[in-house]
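Listing of query_37.cif; format and content: mmCIF, C-alpha atoms and all ligand atoms.
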data_work
#
loop_
_atom_site.label_atom_id
_atom_site.label_comp_id
_atom_site.auth_asym_id
_atom_site.auth_seq_id
_atom_site.Cartn_x
_atom_site.Cartn_y
_atom_site.Cartn_z
CA MET I 1308 43.39 -72.51 117.88
CA SER I 1309 44.90 -73.45 114.55
CA ASP I 1310 48.67 -73.62 114.02
CA GLU I 1311 48.24 -71.23 111.17
CA GLU I 1312 46.82 -68.59 113.48
CA ARG I 1313 49.30 -69.21 116.31
CA TYR I 1314 52.34 -68.74 114.09
CA SER I 1315 50.84 -66.29 111.59
CA ARG I 1316 52.94 -63.28 112.54
CA GLN I 1317 56.34 -64.96 112.33
CA GLN I 1318 55.35 -66.53 109.02
CA LEU I 1319 55.27 -63.03 107.56
CA ILE I 1320 59.08 -63.01 107.86
CA PRO I 1321 60.76 -63.70 104.48
CA GLY I 1322 62.37 -67.14 104.46
CA TRP I 1323 60.38 -68.42 107.43
CA ASN I 1324 59.41 -72.08 107.17
CA GLN I 1325 57.19 -73.25 110.01
CA GLU I 1326 57.22 -76.86 108.76
CA LYS I 1327 60.98 -77.00 109.20
CA LEU I 1328 60.62 -75.85 112.80
CA GLU I 1329 57.87 -78.38 113.48
CA LYS I 1330 60.15 -81.22 112.37
CA SER I 1331 63.01 -80.16 114.64
CA THR I 1332 64.28 -81.62 117.90
CA ILE I 1333 66.19 -79.38 120.30
CA ILE I 1334 68.14 -80.49 123.35
CA LEU I 1335 68.38 -77.85 126.04
CA VAL I 1336 71.04 -78.61 128.64
CA GLY I 1337 70.64 -76.44 131.72
CA VAL I 1338 67.24 -74.92 132.43
CA GLY I 1339 68.23 -72.12 134.78
CA ALA I 1340 68.17 -68.40 134.03
CA ILE I 1341 69.16 -68.36 130.35
CA GLY I 1342 67.58 -71.76 129.70
CA SER I 1343 64.20 -70.52 130.97
CA TYR I 1344 64.13 -67.90 128.24
CA VAL I 1345 65.51 -70.13 125.49
CA GLY I 1346 62.91 -72.81 126.29
CA THR I 1347 60.05 -70.31 126.41
CA ILE I 1348 60.99 -68.72 123.06
CA LEU I 1349 61.53 -72.01 121.21
CA VAL I 1350 58.32 -73.58 122.50
CA SER I 1351 56.35 -70.42 121.64
CA SER I 1352 57.89 -70.39 118.15
CA GLY I 1353 56.65 -73.92 117.44
CA ILE I 1354 59.63 -76.27 117.30
CA GLY I 1355 58.74 -79.97 117.11
CA LYS I 1356 60.29 -81.52 120.18
CA LEU I 1357 62.21 -80.19 123.16
CA ILE I 1358 64.32 -82.38 125.44
CA LEU I 1359 65.28 -80.73 128.74
CA ILE I 1360 68.33 -81.99 130.62
CA GLU I 1361 68.73 -80.56 134.13
CA TYR I 1362 69.48 -82.26 137.45
CA ASP I 1363 69.09 -79.29 139.77
CA THR I 1364 66.22 -78.39 142.10
CA ILE I 1365 64.60 -74.97 142.41
CA GLU I 1366 65.88 -72.61 145.12
CA ILE I 1367 64.47 -69.29 146.33
CA SER I 1368 67.59 -67.51 145.05
CA ASN I 1369 66.74 -68.72 141.51
CA LEU I 1370 63.45 -66.82 141.35
CA ASN I 1371 64.89 -63.38 140.45
CA ARG I 1372 65.80 -64.58 136.96
CA GLN I 1373 64.66 -68.16 136.28
CA LEU I 1374 61.25 -67.08 135.15
CA LEU I 1375 59.74 -70.53 134.59
CA TYR I 1376 59.78 -71.13 138.36
CA HIS I 1377 57.48 -69.67 140.98
CA ALA I 1378 57.57 -69.52 144.76
CA LYS I 1379 55.49 -72.67 145.19
CA ASP I 1380 57.99 -74.66 143.06
CA VAL I 1381 60.92 -74.30 145.49
CA GLY I 1382 62.50 -77.67 146.25
CA LYS I 1383 61.09 -79.38 143.13
CA SER I 1384 62.96 -80.65 140.05
CA LYS I 1385 63.74 -77.88 137.56
CA ALA I 1386 63.43 -80.23 134.58
CA GLU I 1387 59.99 -81.45 135.63
CA ILE I 1388 58.58 -78.01 136.50
CA ALA I 1389 60.04 -76.42 133.35
CA ALA I 1390 58.40 -79.11 131.20
CA LYS I 1391 55.06 -78.50 132.95
CA LYS I 1392 55.20 -74.73 132.47
CA LEU I 1393 56.35 -74.98 128.85
CA ARG I 1394 53.49 -77.37 128.06
CA LEU I 1395 51.09 -74.72 129.35
CA ILE I 1396 52.65 -72.17 127.00
CA ASN I 1397 52.29 -74.44 123.97
CA PRO I 1398 50.57 -77.83 124.41
CA ASP I 1399 51.36 -78.81 120.80
CA ILE I 1400 55.08 -79.29 121.48
CA GLU I 1401 56.45 -82.67 122.55
CA ILE I 1402 58.50 -81.99 125.67
CA ASP I 1403 60.65 -84.62 127.40
CA TRP I 1404 62.55 -83.92 130.59
CA ILE I 1405 65.51 -85.76 132.05
CA ASN I 1406 66.35 -85.11 135.68
CA LYS I 1407 69.99 -86.18 135.43
CA LYS I 1408 73.44 -84.70 135.00
CA MET I 1409 74.24 -84.30 131.31
CA GLU I 1410 77.17 -86.73 131.64
CA GLU I 1411 74.73 -89.47 132.66
CA VAL I 1412 72.47 -89.04 129.62
CA SER I 1413 72.88 -91.60 126.84
CA VAL I 1414 74.65 -90.61 123.62
CA THR I 1415 71.59 -91.80 121.68
CA ILE I 1416 69.59 -88.91 123.19
CA TYR I 1417 72.14 -86.36 122.00
CA GLU I 1418 72.07 -88.00 118.56
CA GLU I 1419 68.37 -87.10 118.28
CA ALA I 1420 69.04 -83.36 118.32
CA ASP I 1421 69.04 -80.99 115.38
CA VAL I 1422 70.62 -78.39 117.66
CA ILE I 1423 72.08 -78.76 121.15
CA ILE I 1424 71.90 -75.72 123.41
CA GLY I 1425 74.14 -75.46 126.45
CA CYS I 1426 73.22 -72.98 129.17
CA LEU I 1427 76.00 -73.90 131.56
CA ASP I 1428 77.84 -71.66 133.96
CA THR I 1429 81.15 -73.49 134.23
CA PHE I 1430 83.97 -73.85 131.73
CA ILE I 1431 84.25 -77.52 132.52
CA GLY I 1432 80.54 -78.04 131.81
CA ARG I 1433 80.83 -76.19 128.51
CA ARG I 1434 83.88 -78.19 127.57
CA TRP I 1435 82.01 -81.41 128.25
CA ILE I 1436 78.96 -80.54 126.13
CA ASN I 1437 81.27 -79.22 123.40
CA SER I 1438 83.00 -82.58 123.17
CA MET I 1439 79.65 -84.38 123.10
CA ALA I 1440 78.34 -82.13 120.30
CA ALA I 1441 81.54 -82.81 118.31
CA ARG I 1442 81.11 -86.53 118.91
CA VAL I 1443 77.52 -86.61 117.60
CA GLN I 1444 78.29 -83.92 114.96
CA LYS I 1445 75.48 -81.55 115.93
CA PRO I 1446 75.41 -77.75 115.98
CA LEU I 1447 75.94 -76.41 119.49
CA ILE I 1448 75.02 -73.03 120.89
CA LEU I 1449 76.67 -72.00 124.13
CA GLY I 1450 75.85 -68.97 126.23
CA GLY I 1451 76.70 -67.60 129.61
CA MET I 1452 76.58 -64.49 131.74
CA PHE I 1453 78.26 -62.76 134.61
CA ALA I 1454 76.50 -59.72 136.12
CA PHE I 1455 75.89 -57.37 133.14
CA LEU I 1456 78.25 -59.27 130.80
CA GLY I 1457 77.27 -62.16 128.57
CA ASP I 1458 78.58 -64.29 125.71
CA VAL I 1459 77.25 -66.55 122.98
CA GLN I 1460 79.18 -68.99 120.79
CA VAL I 1461 77.76 -70.85 117.80
CA ILE I 1462 79.62 -74.04 116.93
CA ILE I 1463 78.88 -75.80 113.64
CA PRO I 1464 80.73 -79.11 113.27
CA GLU I 1465 83.44 -79.02 110.59
CA VAL I 1466 82.67 -75.37 109.86
CA THR I 1467 83.48 -73.21 112.88
CA PRO I 1468 86.04 -73.49 115.66
CA CYS I 1469 84.70 -75.38 118.65
CA PHE I 1470 84.67 -74.21 122.27
CA GLU I 1471 87.98 -75.92 122.94
CA CYS I 1472 89.69 -74.21 119.96
CA GLN I 1473 89.09 -70.74 121.24
CA PRO I 1474 91.74 -68.70 122.97
CA LEU I 1475 89.29 -67.24 125.50
CA ILE I 1476 89.32 -70.11 127.96
CA PRO I 1477 91.56 -69.13 130.89
CA ASP I 1478 94.88 -70.95 130.83
CA GLU I 1479 94.26 -72.59 134.21
CA GLU I 1480 91.07 -74.15 132.81
CA LEU I 1481 92.83 -75.41 129.70
CA ALA I 1482 95.58 -76.83 131.84
CA GLN I 1483 93.14 -79.28 133.38
CA ALA I 1484 93.22 -82.83 132.07
CA CYS I 1485 91.03 -83.18 129.02
CA THR I 1486 89.27 -86.48 129.40
CA PRO I 1487 85.75 -85.47 128.44
CA PHE I 1488 84.13 -88.76 129.17
CA GLY I 1489 86.24 -89.78 132.15
CA GLU I 1490 85.55 -89.86 135.86
CA GLU I 1491 88.23 -87.27 136.45
CA ARG I 1492 86.25 -84.64 134.58
CA LYS I 1493 83.09 -85.35 136.54
CA LYS I 1494 85.00 -84.88 139.76
CA ASP I 1495 86.48 -81.61 138.52
CA ARG I 1496 83.04 -80.33 137.67
CA GLU I 1497 81.56 -81.24 141.03
CA GLU I 1498 84.36 -79.41 142.78
CA ILE I 1499 83.84 -76.32 140.65
CA GLU I 1500 80.11 -76.34 141.32
CA GLU I 1501 80.79 -75.85 145.00
CA GLU I 1502 82.31 -72.44 144.29
CA PRO I 1503 80.46 -69.32 145.45
CA PRO I 1504 77.43 -68.30 143.31
CA LEU I 1505 77.93 -65.89 140.40
CA PRO I 1506 76.19 -62.49 140.18
CA ALA I 1507 73.12 -62.79 137.92
CA VAL I 1508 70.21 -60.62 136.81
CA ALA I 1509 67.13 -61.41 134.69
CA THR I 1510 67.83 -58.71 132.09
CA LEU I 1511 71.04 -60.43 131.03
CA SER I 1512 69.49 -63.88 130.97
CA SER I 1513 66.70 -62.62 128.70
CA ILE I 1514 69.13 -60.91 126.32
CA ILE I 1515 71.56 -63.81 126.09
CA GLY I 1516 68.69 -66.32 125.98
CA GLY I 1517 67.18 -64.25 123.15
CA PHE I 1518 70.43 -64.34 121.17
CA MET I 1519 70.72 -68.10 121.67
CA ALA I 1520 67.12 -68.84 120.69
CA GLN I 1521 67.54 -66.61 117.64
CA GLU I 1522 70.67 -68.43 116.51
CA THR I 1523 68.83 -71.73 116.99
CA LEU I 1524 65.92 -70.60 114.81
CA LYS I 1525 68.33 -69.32 112.15
CA ILE I 1526 70.11 -72.67 112.02
CA LEU I 1527 66.81 -74.57 111.79
CA LEU I 1528 65.46 -72.26 109.09
CA GLY I 1529 68.72 -72.02 107.18
CA LEU I 1530 68.56 -68.25 107.52
CA GLY I 1531 71.68 -66.14 107.40
CA SER I 1532 75.06 -66.86 108.82
CA ASN I 1533 75.90 -67.62 112.39
CA ILE I 1534 77.54 -65.01 114.57
CA GLU I 1535 81.07 -65.91 113.34
CA ASN I 1536 81.32 -67.13 115.97
CA TYR I 1537 81.69 -65.59 119.44
CA LEU I 1538 79.55 -62.72 120.59
CA PHE I 1539 80.36 -60.71 123.68
CA TYR I 1540 77.69 -58.47 125.19
CA ASP I 1541 78.28 -55.68 127.71
CA GLY I 1542 74.97 -54.59 129.20
CA LEU I 1543 76.33 -51.54 131.03
CA ASN I 1544 77.54 -50.00 127.77
CA ASN I 1545 74.97 -51.68 125.50
CA ALA I 1546 77.85 -52.93 123.37
CA THR I 1547 78.03 -56.15 121.38
CA THR I 1548 81.37 -57.30 120.04
CA ILE I 1549 81.80 -60.14 117.55
CA ILE I 1550 85.10 -61.91 118.01
CA PRO I 1551 86.08 -64.14 115.08
CA LEU I 1552 87.86 -67.22 116.36
CA ALA I 1553 90.35 -69.41 114.54
CA LYS I 1554 90.15 -73.20 114.40
CA SER I 1555 92.96 -74.87 116.23
CA GLU I 1556 94.68 -77.61 114.27
CA ASP I 1557 95.83 -79.05 117.58
CA CYS I 1558 92.40 -78.84 119.19
CA PRO I 1559 91.94 -81.96 121.31
CA VAL I 1560 88.22 -82.08 120.45
CA CYS I 1561 87.76 -81.10 116.82
CA GLY I 1562 91.32 -80.97 115.47
CA GLU I 1563 91.00 -84.41 113.89
CA LEU I 1564 87.63 -83.60 112.34
CA TYR I 1565 89.11 -81.04 110.01
CA ASP I 1566 91.02 -81.92 106.94
CA LEU I 1567 93.23 -78.90 107.44
CA GLU I 1568 95.41 -78.06 104.51
CA GLN I 1569 98.58 -76.23 105.31
CA ILE I 1570 97.64 -72.57 105.70
CA GLU I 1571 99.22 -70.70 102.81
CA PHE I 1572 99.41 -66.98 102.44
CA ILE I 1573 100.21 -65.34 99.12
CA VAL I 1574 102.63 -62.47 99.53
CA SER I 1575 103.92 -60.01 96.97
CA SER I 1576 107.64 -59.25 97.18
CA THR I 1577 106.90 -55.57 96.59
CA GLU I 1578 104.67 -55.15 99.65
CA THR I 1579 106.01 -54.14 103.04
CA VAL I 1580 105.90 -56.29 106.13
CA ASN I 1581 103.38 -53.78 107.52
CA ASP I 1582 101.05 -54.40 104.55
CA LEU I 1583 101.26 -58.11 105.21
CA ILE I 1584 100.57 -57.62 108.92
CA LEU I 1585 97.44 -55.65 108.08
CA ARG I 1586 96.16 -58.41 105.78
CA LEU I 1587 96.91 -61.08 108.39
CA ALA I 1588 95.05 -59.05 111.02
CA LEU I 1589 91.99 -58.77 108.77
CA THR I 1590 92.09 -62.44 107.76
CA TYR I 1591 92.43 -63.88 111.24
CA GLY I 1592 90.72 -61.20 113.28
CA LEU I 1593 93.89 -60.22 115.11
CA GLU I 1594 94.78 -56.98 116.78
CA LYS I 1595 98.43 -56.30 116.04
CA PRO I 1596 100.13 -59.46 114.87
CA ASP I 1597 103.88 -59.98 114.73
CA ILE I 1598 105.48 -62.21 112.12
CA MET I 1599 108.31 -64.43 113.23
CA VAL I 1600 110.63 -66.18 110.77
CA GLN I 1601 113.34 -68.47 112.11
CA GLY I 1602 112.94 -67.05 115.58
CA ARG I 1603 113.17 -63.39 114.54
CA PHE I 1604 110.46 -60.79 114.09
CA LEU I 1605 110.28 -59.24 110.64
CA ASP I 1606 111.12 -55.55 110.53
CA THR I 1607 107.80 -53.86 109.80
CA GLU I 1608 108.91 -50.97 107.56
CA LYS I 1609 110.94 -53.13 105.18
CA LYS I 1610 109.72 -54.56 101.89
CA ILE I 1611 109.37 -58.31 101.63
CA SER I 1612 111.93 -58.30 98.80
CA GLU I 1613 114.52 -56.86 101.20
CA LYS I 1614 114.12 -59.76 103.63
CA ASN I 1615 115.79 -62.44 101.48
CA LEU I 1616 113.06 -64.95 102.16
CA SER I 1617 112.72 -68.16 100.17
CA ALA I 1618 109.68 -68.58 97.87
CA LYS I 1619 107.99 -70.70 100.54
CA THR I 1620 108.81 -69.37 103.98
CA VAL I 1621 107.40 -70.90 107.14
CA ALA I 1622 106.35 -68.12 109.51
CA PHE I 1623 104.61 -67.92 112.86
CA ILE I 1624 101.97 -65.28 113.55
CA LEU I 1625 101.81 -64.05 117.12
CA ASP I 1626 99.12 -61.85 118.56
CA LYS I 1627 97.68 -61.11 121.97
CA ASN I 1628 94.33 -62.57 120.80
CA LEU I 1629 95.97 -65.93 120.14
CA ALA I 1630 96.72 -68.49 122.85
CA LYS I 1631 99.54 -69.78 120.67
CA PRO I 1632 101.09 -68.79 117.34
CA ILE I 1633 99.52 -69.68 113.97
CA LYS I 1634 101.87 -71.41 111.57
CA VAL I 1635 101.59 -70.26 107.96
CA VAL I 1636 103.53 -70.72 104.76
CA LEU I 1637 104.25 -67.41 103.09
CA GLN I 1638 104.17 -67.95 99.31
CA ILE I 1639 106.26 -65.11 97.99
CA GLN I 1640 105.56 -64.01 94.43
CA GLU I 1641 107.51 -61.55 92.29
ZN ZN I 1701 88.13 -77.38 118.46
#

Represent the structure from my file as structure tokens, please.
Amino acid sequence: MSDEERYSRQQLIPGWNQEKLEKSTIILVGVGAIGSYVGTILVSSGIGKLILIEYDTIEISNLNRQLLYHAKDVGKSKAEIAAKKLRLINPDIEIDWINKKMEEVSVTIYEEADVIIGCLDTFIGRRWINSMAARVQKPLILGGMFAFLGDVQVIIPEVTPCFECQPLIPDEELAQACTPFGEERKKDREEIEEEPPLPAVATLSSIIGGFMAQETLKILLGLGSNIENYLFYDGLNNATTIIPLAKSEDCPVCGELYDLEQIEFIVSSTETVNDLILRLALTYGLEKPDIMVQGRFLDTEKKISEKNLSAKTVAFILDKNLAKPIKVVLQIQE
């Protein structure tokens, strides 16, 4: 079978470039439910090389959704069996498998990737791979699910907020020591992995895996924008919500990577505080922000000119979507 024939239908898509895909290397960390689908789609689509990183073995309870594994595979290495099955799907793809924890894999392997994909079900695992992706400066796609709910985040180094920037990590998770490459983190992760199993169904893993594979292909092909940059999916209501996240200047992982200028906001003295709030909400994807100047909230009905603010006023924007306030400089113009 010629390559041309195998990929002929996707090559009808405007902007498709099969050669670009064939030159790409993808690292897939976690080949469980979502990873099974991501691997299957990418291998079928004709990427160049796939590196699987997974230390787990196959259990009977995996078989309802981890579709690369069959009853006779129980007890075997997921990485090894996934590589075998994926080679059957497309023997032209170079597939390496590493039966180790991701923390034990050499940085030089991660440096090989054009895109890193993390299908990991713990916050601590996601935080670890996020810090590795930032270190090697590679795009990272994260996805997860819980029953009929799922999420996808696309992280482009120096462009989008990273996983650690986002306000959606529960406070108790953020409160844990952030030593991504330290022993302490490994121990934390092992403890978390002993928690009870999460509810999981194949429909969600196929949908979230589909989103993640699609974002990967778009990055490789240079097609369109990413999902800007956190997608939440609710399978019971068939609802997808895109939540724009803000970079955190104080982010322990990527904060130093960004040459962040002071955030300045041009304000007209004739507009009301409410007008300004609306613009801030649209700019930063906030719900109902409050503006605090010198420890006091601005009165929303009043005009800016009535507030006696200096031409450059430091203000803090507070909103329930933000883990902590954003600091901005209001540049007030006549
Ligand atoms: Zn960050």

Residues near stretch 1590-1604 of chain I, anyone? I mean within 9 Å using all atoms listed in the file, not counting same-chain ones fewer than 5 positions away, as a ChimeraX atom specification. /I:1550-1553,1580,1584-1585,1620-1629

May I ask which of the residues I:Glu1471, I:Asp1399, I:Glu1465, I:Glu1418 is the closest one to ligand ZN 1701 (chain I), counting all atoms listed in the file? I:Glu1471

From the list I:Cys1469, I:Val1636, I:Asn1536, I:Pro1504, which residue is nearest ligand ZN 1701 (chain I) when using only C-alpha atoms and all ligand atoms?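 Among the listed residues, the smallest separation from ligand ZN 1701 (chain I) belongs to I:Cys1469.
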
Who sits within 8 Å of stretch 1522-1528 of chain I, all atoms listed in the file, same chain under 2 positions skipped, as a PyMOL selection string: chain I and resi 1322-1324+1327-1328+1331+1349+1421-1422+1448+1461+1518-1520+1530-1534

List the spatial neighbours of stretch 1638-1641 of chain I as a ChimeraX atom specification - criterion: any atom at most 8 Å away, only C-alpha atoms, same-chain residues fewer than 2 positions off excluded. /I:1571-1577,1616-1620,1636

Which polymer residues have any atom within 12 Å of an atom of stretch 1311-1317 of chain I, counting all atoms listed in the file, with same-chain residues fewer than 2 positions away left out, as a compact mmCIF listing (two decimals) with C-alpha atoms, in the coordinates of the input?
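Written out: selection-v4.txt:
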# COMPACT_ATOMS: atom_id res chain seq x y z
CA MET I 1308 43.39 -72.51 117.88
CA SER I 1309 44.90 -73.45 114.55
CA LEU I 1319 55.27 -63.03 107.56
CA ILE I 1320 59.08 -63.01 107.86
CA PRO I 1321 60.76 -63.70 104.48
CA GLY I 1322 62.37 -67.14 104.46
CA TRP I 1323 60.38 -68.42 107.43
CA ASN I 1324 59.41 -72.08 107.17
CA GLN I 1325 57.19 -73.25 110.01
CA GLU I 1326 57.22 -76.86 108.76
CA LEU I 1328 60.62 -75.85 112.80
CA GLU I 1329 57.87 -78.38 113.48
CA VAL I 1350 58.32 -73.58 122.50
CA SER I 1351 56.35 -70.42 121.64
CA SER I 1352 57.89 -70.39 118.15
CA GLY I 1353 56.65 -73.92 117.44
CA ILE I 1354 59.63 -76.27 117.30
CA ILE I 1396 52.65 -72.17 127.00
CA ASN I 1397 52.29 -74.44 123.97
CA PRO I 1398 50.57 -77.83 124.41
CA ASP I 1399 51.36 -78.81 120.80
CA LEU I 1524 65.92 -70.60 114.81

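If you look at atom CA of I:Tyr1376 and atom CA of I:Ala1340, they are 9.8 Å away from each other.
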
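Rounded to one decimal, atom CA of I:Cys1561 and atom ZN of ligand ZN 1701 (chain I) lie 4.1 Å from each other.
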